[in-house]
$ cat coords_29.tsv   # TSV, C-alpha atoms and all ligand atoms
chain	number	residue	atom	x	y	z
O	2	MET	CA	0.00	0.00	0.00
O	3	ARG	CA	1.14	3.53	-0.73
O	4	GLN	CA	2.85	5.38	2.13
O	5	TYR	CA	1.35	8.82	2.70
O	6	ASN	CA	4.59	10.61	3.53
O	7	ALA	CA	6.51	13.44	1.88
O	8	SER	CA	7.22	11.28	-1.16
O	9	LYS	CA	5.03	12.24	-4.13
O	10	ARG	CA	4.04	10.58	-7.41
O	11	ILE	CA	5.42	12.92	-10.04
O	12	LEU	CA	4.85	12.89	-13.79
O	13	VAL	CA	7.57	14.40	-15.99
O	14	THR	CA	6.52	14.75	-19.64
O	15	GLY	CA	9.50	15.00	-21.98
O	16	GLY	CA	11.43	13.26	-19.20
O	17	ALA	CA	13.85	11.52	-21.56
O	18	GLY	CA	14.99	14.84	-23.03
O	19	PHE	CA	17.89	17.05	-22.03
O	20	LEU	CA	16.25	19.00	-19.18
O	21	GLY	CA	13.61	16.38	-18.34
O	22	SER	CA	16.24	13.73	-17.60
O	23	HIS	CA	18.10	16.03	-15.19
O	24	LEU	CA	14.79	16.79	-13.51
O	25	CYS	CA	14.03	13.05	-13.15
O	26	ASP	CA	17.45	12.59	-11.49
O	27	ARG	CA	16.76	15.30	-8.93
O	28	LEU	CA	13.24	14.04	-8.16
O	29	ILE	CA	14.48	10.47	-7.65
O	30	GLU	CA	17.25	11.82	-5.38
O	31	GLN	CA	14.59	13.60	-3.35
O	32	GLY	CA	12.78	10.29	-2.78
O	33	HIS	CA	9.79	10.73	-5.12
O	34	ASP	CA	8.15	8.20	-7.45
O	35	VAL	CA	8.78	9.40	-11.01
O	36	LEU	CA	6.75	8.56	-14.09
O	37	CYS	CA	8.70	9.68	-17.15
O	38	VAL	CA	6.55	10.01	-20.27
O	39	ASP	CA	8.20	10.61	-23.64
O	40	ASN	CA	7.61	9.83	-27.32
O	41	PHE	CA	11.40	9.85	-27.95
O	42	PHE	CA	11.14	12.43	-30.73
O	43	THR	CA	14.23	14.30	-29.48
O	44	GLY	CA	14.77	12.49	-26.20
O	45	THR	CA	16.49	9.17	-25.81
O	46	LYS	CA	16.49	6.23	-23.42
O	47	ARG	CA	20.19	6.81	-23.01
O	48	ASN	CA	19.44	9.98	-21.00
O	49	VAL	CA	17.59	7.93	-18.36
O	50	GLU	CA	19.44	4.63	-18.82
O	51	HIS	CA	20.93	4.86	-15.30
O	52	LEU	CA	17.39	5.17	-13.83
O	53	LEU	CA	15.78	2.25	-15.68
O	54	ASP	CA	16.35	-0.27	-12.87
O	55	HIS	CA	15.44	2.13	-10.08
O	56	PRO	CA	12.35	0.92	-8.15
O	57	ARG	CA	10.83	4.42	-7.99
O	58	PHE	CA	11.33	5.18	-11.71
O	59	GLU	CA	8.99	4.26	-14.56
O	60	LEU	CA	9.41	5.05	-18.25
O	61	MET	CA	6.38	5.17	-20.56
O	62	ARG	CA	6.43	5.75	-24.33
O	63	HIS	CA	3.51	8.06	-24.98
O	64	ASP	CA	2.72	11.12	-27.09
O	65	VAL	CA	1.12	13.88	-24.98
O	66	THR	CA	-1.10	14.96	-27.87
O	67	PHE	CA	-3.16	11.88	-26.86
O	68	PRO	CA	-5.00	11.62	-23.53
O	69	LEU	CA	-3.18	10.08	-20.59
O	70	TYR	CA	-4.93	8.54	-17.60
O	71	VAL	CA	-2.61	8.12	-14.61
O	72	GLU	CA	-2.76	9.03	-10.91
O	73	VAL	CA	-0.13	11.56	-9.83
O	74	ASP	CA	0.35	14.40	-7.33
O	75	GLU	CA	2.42	16.75	-9.49
O	76	ILE	CA	3.10	17.22	-13.19
O	77	PHE	CA	6.11	18.86	-14.84
O	78	ASN	CA	5.09	19.44	-18.47
O	79	LEU	CA	8.30	19.58	-20.51
O	80	ALA	CA	7.28	17.60	-23.60
O	81	CYS	CA	8.13	19.67	-26.68
O	82	PRO	CA	11.14	19.79	-28.99
O	83	ALA	CA	13.19	22.85	-28.03
O	84	SER	CA	15.70	23.37	-30.80
O	85	PRO	CA	14.65	25.27	-33.95
O	86	VAL	CA	15.89	22.44	-36.23
O	87	HIS	CA	13.71	19.91	-34.42
O	88	TYR	CA	10.60	21.99	-33.81
O	89	GLN	CA	10.61	23.14	-37.46
O	90	HIS	CA	10.91	19.54	-38.72
O	91	ASP	CA	7.16	18.93	-38.20
O	92	PRO	CA	5.73	22.32	-37.22
O	93	VAL	CA	2.11	21.13	-37.04
O	94	GLN	CA	3.11	18.42	-34.56
O	95	THR	CA	5.04	21.06	-32.58
O	96	THR	CA	1.95	23.23	-32.16
O	97	LYS	CA	-0.13	20.14	-31.33
O	98	THR	CA	2.41	19.09	-28.71
O	99	SER	CA	2.22	22.46	-26.97
O	100	VAL	CA	-1.52	22.99	-27.33
O	101	HIS	CA	-3.13	19.52	-27.29
O	102	GLY	CA	-0.39	18.40	-24.89
O	103	ALA	CA	-1.23	21.25	-22.51
O	104	ILE	CA	-4.97	20.52	-22.73
O	105	ASN	CA	-4.43	16.83	-21.96
O	106	MET	CA	-2.05	17.46	-19.08
O	107	LEU	CA	-4.33	20.18	-17.67
O	108	GLY	CA	-7.32	17.85	-18.02
O	109	LEU	CA	-5.35	15.20	-16.17
O	110	ALA	CA	-4.31	17.70	-13.46
O	111	LYS	CA	-7.93	18.79	-13.10
O	112	ARG	CA	-9.21	15.21	-12.71
O	113	VAL	CA	-6.64	14.19	-10.08
O	114	ARG	CA	-6.23	17.71	-8.57
O	115	ALA	CA	-2.47	17.66	-9.24
O	116	LYS	CA	-0.28	20.74	-9.21
O	117	ILE	CA	1.12	21.36	-12.71
O	118	LEU	CA	4.15	23.25	-14.02
O	119	GLN	CA	4.60	24.38	-17.60
O	120	ALA	CA	8.05	24.68	-19.18
O	121	SER	CA	7.45	27.87	-21.14
O	122	THR	CA	10.13	29.85	-22.89
O	123	SER	CA	11.79	33.19	-23.49
O	124	GLU	CA	10.46	32.74	-27.04
O	125	VAL	CA	7.11	34.09	-25.81
O	126	TYR	CA	8.90	37.49	-25.99
O	127	GLY	CA	9.78	36.86	-29.68
O	128	ASP	CA	12.29	39.35	-31.09
O	129	PRO	CA	11.92	41.76	-28.15
O	130	GLU	CA	11.90	45.57	-28.16
O	131	VAL	CA	12.64	45.71	-24.43
O	132	HIS	CA	15.91	44.64	-22.93
O	133	PRO	CA	16.35	42.80	-20.61
O	134	GLN	CA	13.01	41.00	-20.84
O	135	TYR	CA	10.78	41.14	-17.78
O	136	GLU	CA	7.62	39.06	-17.23
O	137	ALA	CA	5.12	41.91	-17.72
O	138	TYR	CA	6.39	42.45	-21.30
O	139	TRP	CA	3.90	40.96	-23.79
O	140	GLY	CA	6.46	40.22	-26.46
O	141	ARG	CA	6.84	40.68	-30.21
O	142	VAL	CA	6.11	37.40	-31.95
O	143	ASN	CA	5.54	36.86	-35.65
O	144	PRO	CA	2.37	34.72	-35.82
O	145	ILE	CA	3.10	33.29	-39.28
O	146	GLY	CA	6.88	32.76	-39.41
O	147	ILE	CA	8.99	29.62	-39.19
O	148	ARG	CA	9.44	29.99	-35.41
O	149	SER	CA	5.72	30.58	-34.80
O	150	CYS	CA	4.79	26.90	-34.29
O	151	TYR	CA	6.99	26.94	-31.20
O	152	ASP	CA	6.47	30.52	-29.99
O	153	GLU	CA	2.69	30.65	-30.50
O	154	GLY	CA	2.23	27.07	-29.26
O	155	LYS	CA	4.00	28.00	-26.03
O	156	ARG	CA	2.03	31.26	-25.75
O	157	CYS	CA	-1.24	29.37	-26.21
O	158	ALA	CA	-0.14	26.82	-23.59
O	159	GLU	CA	0.41	29.69	-21.13
O	160	THR	CA	-3.09	30.97	-21.92
O	161	LEU	CA	-4.55	27.52	-21.27
O	162	PHE	CA	-2.68	27.24	-17.98
O	163	PHE	CA	-4.03	30.59	-16.75
O	164	ASP	CA	-7.57	29.81	-17.96
O	165	TYR	CA	-7.60	26.42	-16.17
O	166	HIS	CA	-6.30	28.29	-13.11
O	167	ARG	CA	-9.09	30.91	-13.28
O	168	GLN	CA	-11.87	28.61	-14.48
O	169	HIS	CA	-11.10	25.41	-12.57
O	170	GLN	CA	-8.96	26.72	-9.69
O	171	LEU	CA	-6.08	24.56	-10.83
O	172	ARG	CA	-2.77	25.02	-9.05
O	173	ILE	CA	-0.42	26.08	-11.85
O	174	LYS	CA	3.20	27.18	-12.21
O	175	VAL	CA	4.61	28.77	-15.35
O	176	VAL	CA	8.38	29.15	-15.85
O	177	ARG	CA	9.83	30.98	-18.85
O	178	ILE	CA	13.13	29.28	-19.57
O	179	PHE	CA	15.93	31.20	-21.30
O	180	ASN	CA	18.61	29.34	-23.32
O	181	THR	CA	19.87	26.48	-21.17
O	182	TYR	CA	22.77	24.15	-21.92
O	183	GLY	CA	24.66	21.28	-20.35
O	184	PRO	CA	25.35	17.54	-20.56
O	185	ARG	CA	22.69	15.45	-22.40
O	186	MET	CA	21.89	18.11	-24.98
O	187	HIS	CA	21.34	16.28	-28.26
O	188	ALA	CA	24.57	16.28	-30.27
O	189	ASN	CA	22.68	16.96	-33.53
O	190	ASP	CA	19.93	19.20	-32.29
O	191	GLY	CA	21.29	22.30	-33.96
O	192	ARG	CA	21.36	24.51	-30.89
O	193	VAL	CA	24.28	26.84	-30.73
O	194	VAL	CA	26.10	25.44	-27.68
O	195	SER	CA	25.95	21.81	-28.83
O	196	ASN	CA	26.77	22.77	-32.44
O	197	PHE	CA	29.85	24.82	-31.51
O	198	ILE	CA	31.18	22.22	-29.06
O	199	VAL	CA	30.69	19.27	-31.41
O	200	GLN	CA	32.20	21.22	-34.32
O	201	ALA	CA	35.19	22.26	-32.18
O	202	LEU	CA	35.79	18.73	-30.89
O	203	LYS	CA	35.64	17.28	-34.42
O	204	GLY	CA	37.85	20.07	-35.82
O	205	GLU	CA	35.05	21.11	-38.19
O	206	ASP	CA	34.19	24.70	-39.14
O	207	ILE	CA	32.21	26.59	-36.51
O	208	THR	CA	29.01	27.88	-38.08
O	209	ILE	CA	28.20	31.49	-37.22
O	210	TYR	CA	24.74	32.45	-38.42
O	211	GLY	CA	24.58	36.09	-39.58
O	212	ASP	CA	27.24	38.47	-38.27
O	213	GLY	CA	27.46	36.68	-34.92
O	214	ASN	CA	26.63	39.83	-32.96
O	215	GLN	CA	23.22	38.55	-31.86
O	216	THR	CA	23.21	37.78	-28.14
O	217	ARG	CA	21.88	35.06	-25.87
O	218	SER	CA	22.10	34.44	-22.12
O	219	PHE	CA	23.11	30.89	-21.27
O	220	CYS	CA	22.00	29.11	-18.12
O	221	TYR	CA	23.62	25.88	-16.94
O	222	ALA	CA	21.13	22.98	-16.60
O	223	ASP	CA	21.68	22.41	-12.85
O	224	ASP	CA	20.80	26.05	-12.07
O	225	LEU	CA	17.66	25.79	-14.17
O	226	ILE	CA	16.48	22.56	-12.55
O	227	GLU	CA	17.05	24.00	-9.07
O	228	ALA	CA	14.84	26.99	-9.96
O	229	MET	CA	12.15	24.74	-11.46
O	230	LEU	CA	11.99	22.64	-8.29
O	231	ARG	CA	11.82	25.75	-6.13
O	232	MET	CA	9.05	27.14	-8.34
O	233	MET	CA	6.97	23.96	-7.95
O	234	ALA	CA	7.35	24.29	-4.16
O	235	THR	CA	6.11	27.92	-3.97
O	236	GLY	CA	2.71	28.68	-2.49
O	237	ASP	CA	-0.49	28.46	-4.57
O	238	GLU	CA	-0.77	32.26	-4.67
O	239	PHE	CA	2.25	32.44	-7.02
O	240	PRO	CA	1.45	30.89	-10.42
O	241	GLY	CA	4.16	32.91	-12.24
O	242	PRO	CA	5.07	33.44	-14.98
O	243	VAL	CA	8.66	33.67	-13.84
O	244	ASN	CA	11.80	34.05	-15.96
O	245	ILE	CA	14.54	31.54	-15.29
O	246	GLY	CA	17.95	32.07	-16.82
O	247	ASN	CA	21.41	33.42	-16.31
O	248	PRO	CA	21.59	37.14	-17.11
O	249	GLY	CA	25.21	36.92	-18.38
O	250	GLU	CA	24.82	37.97	-22.03
O	251	PHE	CA	27.18	36.90	-24.83
O	252	SER	CA	27.32	37.35	-28.60
O	253	MET	CA	27.61	34.20	-30.71
O	254	LEU	CA	31.12	35.32	-31.71
O	255	GLU	CA	32.11	35.52	-28.04
O	256	LEU	CA	30.64	32.07	-27.45
O	257	ALA	CA	32.51	30.60	-30.43
O	258	ASN	CA	35.80	32.05	-29.21
O	259	LYS	CA	35.24	30.68	-25.70
O	260	VAL	CA	34.51	27.20	-27.06
O	261	ILE	CA	37.63	27.31	-29.26
O	262	ALA	CA	39.77	28.40	-26.29
O	263	LEU	CA	38.33	25.79	-23.92
O	264	THR	CA	38.65	22.89	-26.38
O	265	GLY	CA	42.01	24.00	-27.82
O	266	SER	CA	40.43	23.39	-31.23
O	267	LYS	CA	41.90	24.47	-34.57
O	268	SER	CA	38.41	25.00	-36.02
O	269	LYS	CA	37.81	28.12	-38.10
O	270	LEU	CA	34.71	30.33	-38.02
O	271	VAL	CA	32.48	30.31	-41.12
O	272	ARG	CA	29.47	32.53	-41.80
O	273	LEU	CA	26.09	31.14	-42.79
O	274	PRO	CA	22.86	33.07	-43.42
O	275	LEU	CA	20.89	34.16	-40.37
O	276	PRO	CA	17.61	32.16	-40.15
O	277	SER	CA	14.48	34.32	-40.43
O	278	ASP	CA	12.96	35.81	-37.26
O	279	ASP	CA	16.13	35.01	-35.28
O	280	PRO	CA	15.93	37.23	-32.16
O	281	LYS	CA	18.72	39.84	-32.03
O	282	GLN	CA	19.20	39.95	-28.30
O	283	ARG	CA	17.99	38.13	-25.26
O	284	ARG	CA	18.64	38.51	-21.55
O	285	PRO	CA	16.33	37.65	-18.67
O	286	ASP	CA	15.39	40.04	-15.91
O	287	ILE	CA	15.42	37.59	-12.99
O	288	THR	CA	14.32	39.98	-10.23
O	289	ILE	CA	11.08	38.04	-9.62
O	290	ALA	CA	12.85	34.64	-9.53
O	291	GLN	CA	15.40	35.94	-7.05
O	292	LYS	CA	12.64	37.30	-4.81
O	293	GLU	CA	10.13	34.43	-5.04
O	294	LEU	CA	12.40	31.37	-5.28
O	295	GLY	CA	14.07	31.57	-1.88
O	296	GLY	CA	17.15	33.53	-2.89
O	297	TRP	CA	17.79	31.44	-6.03
O	298	THR	CA	20.43	32.80	-8.33
O	299	PRO	CA	22.46	31.05	-11.03
O	300	GLN	CA	25.67	29.59	-9.60
O	301	THR	CA	27.49	28.35	-12.70
O	302	GLN	CA	29.31	30.83	-14.89
O	303	LEU	CA	29.58	30.19	-18.62
O	304	ASP	CA	33.21	29.00	-18.70
O	305	GLU	CA	32.63	26.49	-15.92
O	306	GLY	CA	29.41	25.16	-17.48
O	307	LEU	CA	31.02	24.94	-20.92
O	308	LYS	CA	33.90	22.87	-19.50
O	309	LYS	CA	31.42	20.34	-18.07
O	310	THR	CA	29.45	20.26	-21.32
O	311	ILE	CA	32.61	19.82	-23.40
O	312	ALA	CA	33.65	16.88	-21.16
O	313	TYR	CA	30.22	15.28	-21.77
O	314	PHE	CA	30.38	15.61	-25.56
O	315	ASP	CA	33.98	14.44	-25.60
O	316	LYS	CA	32.80	11.24	-23.90
O	317	ILE	CA	29.68	10.54	-25.95
O	318	LEU	CA	31.31	11.25	-29.28
O	319	THR	CA	33.76	8.43	-28.61
O	320	GLU	CA	31.60	5.94	-26.68
O	321	PRO	CA	29.02	3.72	-28.41
O	322	ALA	CA	25.44	3.97	-27.05
O	323	THR	CA	24.14	0.90	-25.21
O	324	VAL	CA	20.41	1.73	-25.33
O	401	LIG	P1	14.52	18.25	-25.58
O	401	LIG	O1	14.15	18.29	-27.02
O	401	LIG	O2	15.80	17.60	-25.19
O	401	LIG	O3	13.36	17.59	-24.71
O	401	LIG	C1	12.02	17.56	-25.08
O	401	LIG	C2	11.49	16.15	-24.80
O	401	LIG	O4	10.09	16.11	-25.11
O	401	LIG	C3	12.18	15.07	-25.62
O	401	LIG	O5	12.52	13.98	-24.79
O	401	LIG	C4	11.11	14.68	-26.63
O	401	LIG	O6	11.25	13.36	-27.10
O	401	LIG	C5	9.84	14.92	-25.84
O	401	LIG	N1	8.65	15.15	-26.67
O	401	LIG	C6	8.52	15.96	-27.73
O	401	LIG	N2	7.27	15.91	-28.21
O	401	LIG	C7	6.59	15.04	-27.41
O	401	LIG	C8	5.26	14.57	-27.42
O	401	LIG	N3	4.36	14.97	-28.32
O	401	LIG	N4	4.90	13.65	-26.47
O	401	LIG	C9	5.80	13.22	-25.54
O	401	LIG	N5	7.07	13.65	-25.51
O	401	LIG	C10	7.46	14.56	-26.43
O	401	LIG	O7	14.50	19.76	-25.08
O	401	LIG	P2	14.84	20.41	-23.66
O	401	LIG	O8	15.86	21.44	-23.91
O	401	LIG	O9	15.07	19.39	-22.66
O	401	LIG	O10	13.48	21.18	-23.37
O	401	LIG	C11	12.55	20.73	-22.40
O	401	LIG	C12	11.44	21.75	-22.28
O	401	LIG	O11	11.96	23.01	-21.87
O	401	LIG	C13	10.69	21.99	-23.59
O	401	LIG	O12	9.32	22.15	-23.32
O	401	LIG	C14	11.27	23.29	-24.08
O	401	LIG	O13	10.37	23.99	-24.89
O	401	LIG	C15	11.57	24.01	-22.79
O	401	LIG	N6	12.63	25.00	-22.95
O	401	LIG	C16	13.93	24.62	-23.09
O	401	LIG	C17	14.91	25.60	-23.28
O	401	LIG	C18	16.37	25.24	-23.43
O	401	LIG	O14	17.16	26.14	-23.68
O	401	LIG	N7	16.79	24.03	-23.24
O	401	LIG	C19	14.56	26.95	-23.36
O	401	LIG	C20	13.20	27.28	-23.23
O	401	LIG	C21	12.25	26.32	-23.01
O	402	LIG	N1	-7.57	14.12	-20.10
O	402	LIG	C1	-6.50	13.26	-19.96
O	402	LIG	N2	-6.36	12.58	-18.77
O	402	LIG	C2	-7.22	12.73	-17.74
O	402	LIG	C3	-8.29	13.64	-17.89
O	402	LIG	C4	-8.45	14.32	-19.09
O	402	LIG	O1	-5.69	13.10	-20.86
O	402	LIG	O2	-7.01	12.10	-16.70
O	402	LIG	C5	-7.70	14.86	-21.37
O	402	LIG	C6	-9.00	14.52	-22.07
O	402	LIG	O3	-8.66	13.95	-23.32
O	402	LIG	C7	-9.65	15.86	-22.29
O	402	LIG	C8	-8.63	16.90	-21.93
O	402	LIG	O4	-7.72	16.24	-21.07
O	402	LIG	O5	-10.01	16.05	-23.63
O	402	LIG	C9	-9.20	18.09	-21.23
O	402	LIG	O6	-9.92	17.66	-20.11
O	402	LIG	P1	-11.06	18.56	-19.46
O	402	LIG	O7	-11.66	17.78	-18.34
O	402	LIG	O8	-10.52	19.89	-19.14
O	402	LIG	O9	-12.07	18.80	-20.63
O	402	LIG	P2	-13.09	17.86	-21.40
O	402	LIG	O10	-12.97	16.46	-20.85
O	402	LIG	O11	-14.39	18.47	-21.12
O	402	LIG	O12	-12.66	17.96	-22.81
O	403	LIG	N1	23.46	29.90	-34.08
O	403	LIG	C1	24.68	30.02	-34.73
O	403	LIG	N2	25.27	28.88	-35.19
O	403	LIG	C2	24.76	27.64	-34.99
O	403	LIG	C3	23.52	27.52	-34.30
O	403	LIG	C4	22.90	28.68	-33.87
O	403	LIG	O1	25.21	31.12	-34.91
O	403	LIG	O2	25.38	26.66	-35.41
O	403	LIG	C5	22.81	31.13	-33.57
O	403	LIG	C6	21.33	31.26	-33.91
O	403	LIG	O3	21.18	31.92	-35.16
O	403	LIG	C7	20.83	32.11	-32.75
O	403	LIG	C8	21.71	31.69	-31.58
O	403	LIG	O4	22.84	31.05	-32.16
O	403	LIG	O5	21.05	33.47	-33.01
O	403	LIG	C9	21.01	30.72	-30.63
O	403	LIG	O6	20.47	29.66	-31.38
O	403	LIG	P1	19.76	28.41	-30.72
O	403	LIG	O7	19.19	27.62	-31.85
O	403	LIG	O8	20.71	27.74	-29.80
O	403	LIG	O9	18.63	29.03	-29.80
O	403	LIG	P2	17.47	30.12	-30.03
O	403	LIG	O10	17.67	30.83	-31.33
O	403	LIG	O11	16.20	29.35	-29.99
O	403	LIG	O12	17.66	31.04	-28.89

$ encode --input "coords_29.tsv" --output "structure tokens" --more "lines below"
Ligand code: NAD
Ligand code: UDP
Ligand code: UDP
Amino acid sequence: MRQYNASKRILVTGGAGFLGSHLCDRLIEQGHDVLCVDNFFTGTKRNVEHLLDHPRFELMRHDVTFPLYVEVDEIFNLACPASPVHYQHDPVQTTKTSVHGAINMLGLAKRVRAKILQASTSEVYGDPEVHPQYEAYWGRVNPIGIRSCYDEGKRCAETLFFDYHRQHQLRIKVVRIFNTYGPRMHANDGRVVSNFIVQALKGEDITIYGDGNQTRSFCYADDLIEAMLRMMATGDEFPGPVNIGNPGEFSMLELANKVIALTGSKSKLVRLPLPSDDPKQRRPDITIAQKELGGWTPQTQLDEGLKKTIAYFDKILTEPATV
């Protein structure tokens, strides 16, 4: 029989992905029962391989665009491809994942009265006119461009979360994640940190899109997961949205030069066209996170996080996968 102690039954959708797998690790460490649901579109069993034999861990292949009937206390809704290359591969499925996925997970949360957290994104701000971006800013998103399936899907998911909150008194949490990197990013997912590191390690050209002066703020995965856990634990009166990220802001040229220096690579920089609607600058205002999440602040600076990520890619590029 189930023990009614501090241990909870927690559903992580997208749990076999980059961030989801780190979240599963932390939840297992904390003593919870974890149900990891994933359709393995961008995630892989390899990310949770070390958890497969754990008695409190379960892995289920399922697509969140279809209903899911399980009994849980909390839901972390992370299912959605995050890199432009992947979310643009099947844009209709991307929108369905955010929108139908949110409806199904909210319907589930409503039925079992679970608390539910949505992994939203800085992309809800689009190509922003305000800098840094704060939560009250409504954003500047192209509704019909190649990034729209992701941006508008995530915006609609936020709307659904707040409407279920108002209409059905659901306990919701919305976090807006800024670019996050670390071990278990997909080697071929096309995101800038994984691309540059893999290119540098293989001695291939480093691909700078546009002039390389566009900026991003990079948060290390461990800092992000810590903030997400703290957000889930906040009181019901604080649904968010809350920005989570590291405000250190770097141009893509600066990032490329750091990766070259840290890997000792002989790779050269090459220019490729800038994809359309690529945001020019992005930096989170994390005042609300710092106030509401018990003094949370990012601990890992870019150089330190890049070293750990480089070590990870160095290992997986040479080791064969077992699952
Ligand atoms: P990821 O691609 O590694 O993980 C997404 C996971 O969701 C994968 O395991 C994938 O297989 C799964 N998935 C996709 N569609 C699904 C579906 N229909 N049903 C079930 N599973 C599905 O990406 P990530 O970086 O780990 O991102 C996790 C979440 O955080 C995403 O919702 C993403 O939008 C959000 N986010 C990430 C970042 C970032 O920089 N990493 C930034 C903003 C928001
Ligand atoms: N749903 C689900 N699991 C549940 C409960 C609901 O996947 O445990 C899905 C179901 O497919 C439904 C959606 O969530 O379409 C929204 O549920 P809600 O109760 O909000 O609306 P309705 O059932 O009226 O469509
Ligand atoms: N980028 C780049 N070279 C690459 C991959 C990406 O210069 O090989 C740029 C991209 O144009 C964008 C930034 O890096 O300006 C971040 O891209 P990413 O896909 O990682 O995240 P997002 O654009 O969603 O923030």

$ closest_atom_pairs --input "coords_29.tsv" --of "range 254-316 of chain O" --to "range 162-181 of chain O" --cutoff "12 Å" --atoms "all atoms listed in the file" --output "tab-separated table"
residue	atom	partner	partner_atom	distance
O:Gln282	CA	O:Phe179	CA	11.7
O:Arg283	CA	O:Phe179	CA	8.2
O:Arg284	CA	O:Phe179	CA	7.8
O:Pro285	CA	O:Phe179	CA	7.0
O:Asp286	CA	O:Phe179	CA	10.4
O:Ile287	CA	O:Arg177	CA	10.5
O:Ile289	CA	O:Val176	CA	11.2
O:Ala290	CA	O:Val176	CA	9.5
O:Leu294	CA	O:Val176	CA	11.5
O:Pro299	CA	O:Thr181	CA	11.4
O:Thr301	CA	O:Thr181	CA	11.5
O:Leu303	CA	O:Thr181	CA	10.7
O:Gly306	CA	O:Thr181	CA	10.3
O:Leu307	CA	O:Thr181	CA	11.3
O:Thr310	CA	O:Thr181	CA	11.4

$ residues_around --input "coords_29.tsv" --residues "range 45-59 of chain O" --least-positions-apart "6" --cutoff "8 Å" --atoms "only C-alpha atoms" --output "JSON, numbers by chain"
{"O": [17, 18, 19, 22, 26, 29, 33, 34, 35, 36, 37, 185, 322, 323, 324]}

$ residues_around --input "coords_29.tsv" --residues "Asp128 in chain O" --least-positions-apart "4" --cutoff "9 Å" --atoms "all atoms listed in the file" --output "number ranges by chain"
O: 124, 140-143, 278-283

$ residues_near_ligand --input "coords_29.tsv" --ligand "ligand LIG 402 (chain O)" --cutoff "6 Å" --atoms "all atoms listed in the file" --output "list in words"
Pro68, Leu69, Tyr70, Ile104, Asn105, Met106, Gly108, Leu109 and Arg112 of chain O

$ residues_near_ligand --input "coords_29.tsv" --ligand "ligand LIG 403 (chain O)" --cutoff "9 Å" --atoms "only C-alpha atoms and all ligand atoms" --output "VMD selection string"
chain O and resid 83 to 86 123 to 124 148 179 to 182 190 to 197 200 207 to 218 252 to 254 257 272 to 277 279 to 283

$ axis_aligned_box --input "coords_29.tsv" --around "range 31-35 of chain O" --padding-each-side "4 Å" --output "JSON"
{"center_x": 11.4, "center_y": 10.9, "center_z": -6.9, "size_x": 14.4, "size_y": 13.4, "size_z": 16.2}

$ residues_around --input "coords_29.tsv" --residues "Lys309 in chain O" --least-positions-apart "3" --cutoff "8 Å" --atoms "all atoms listed in the file" --output "number ranges by chain"
O: 183-184, 305-306, 312-313

$ closest_residue --input "coords_29.tsv" --among "O:Lys155, O:His23, O:Lys111, O:Lys267" --to "Glu72 in chain O" --atoms "only C-alpha atoms"
O:Lys111
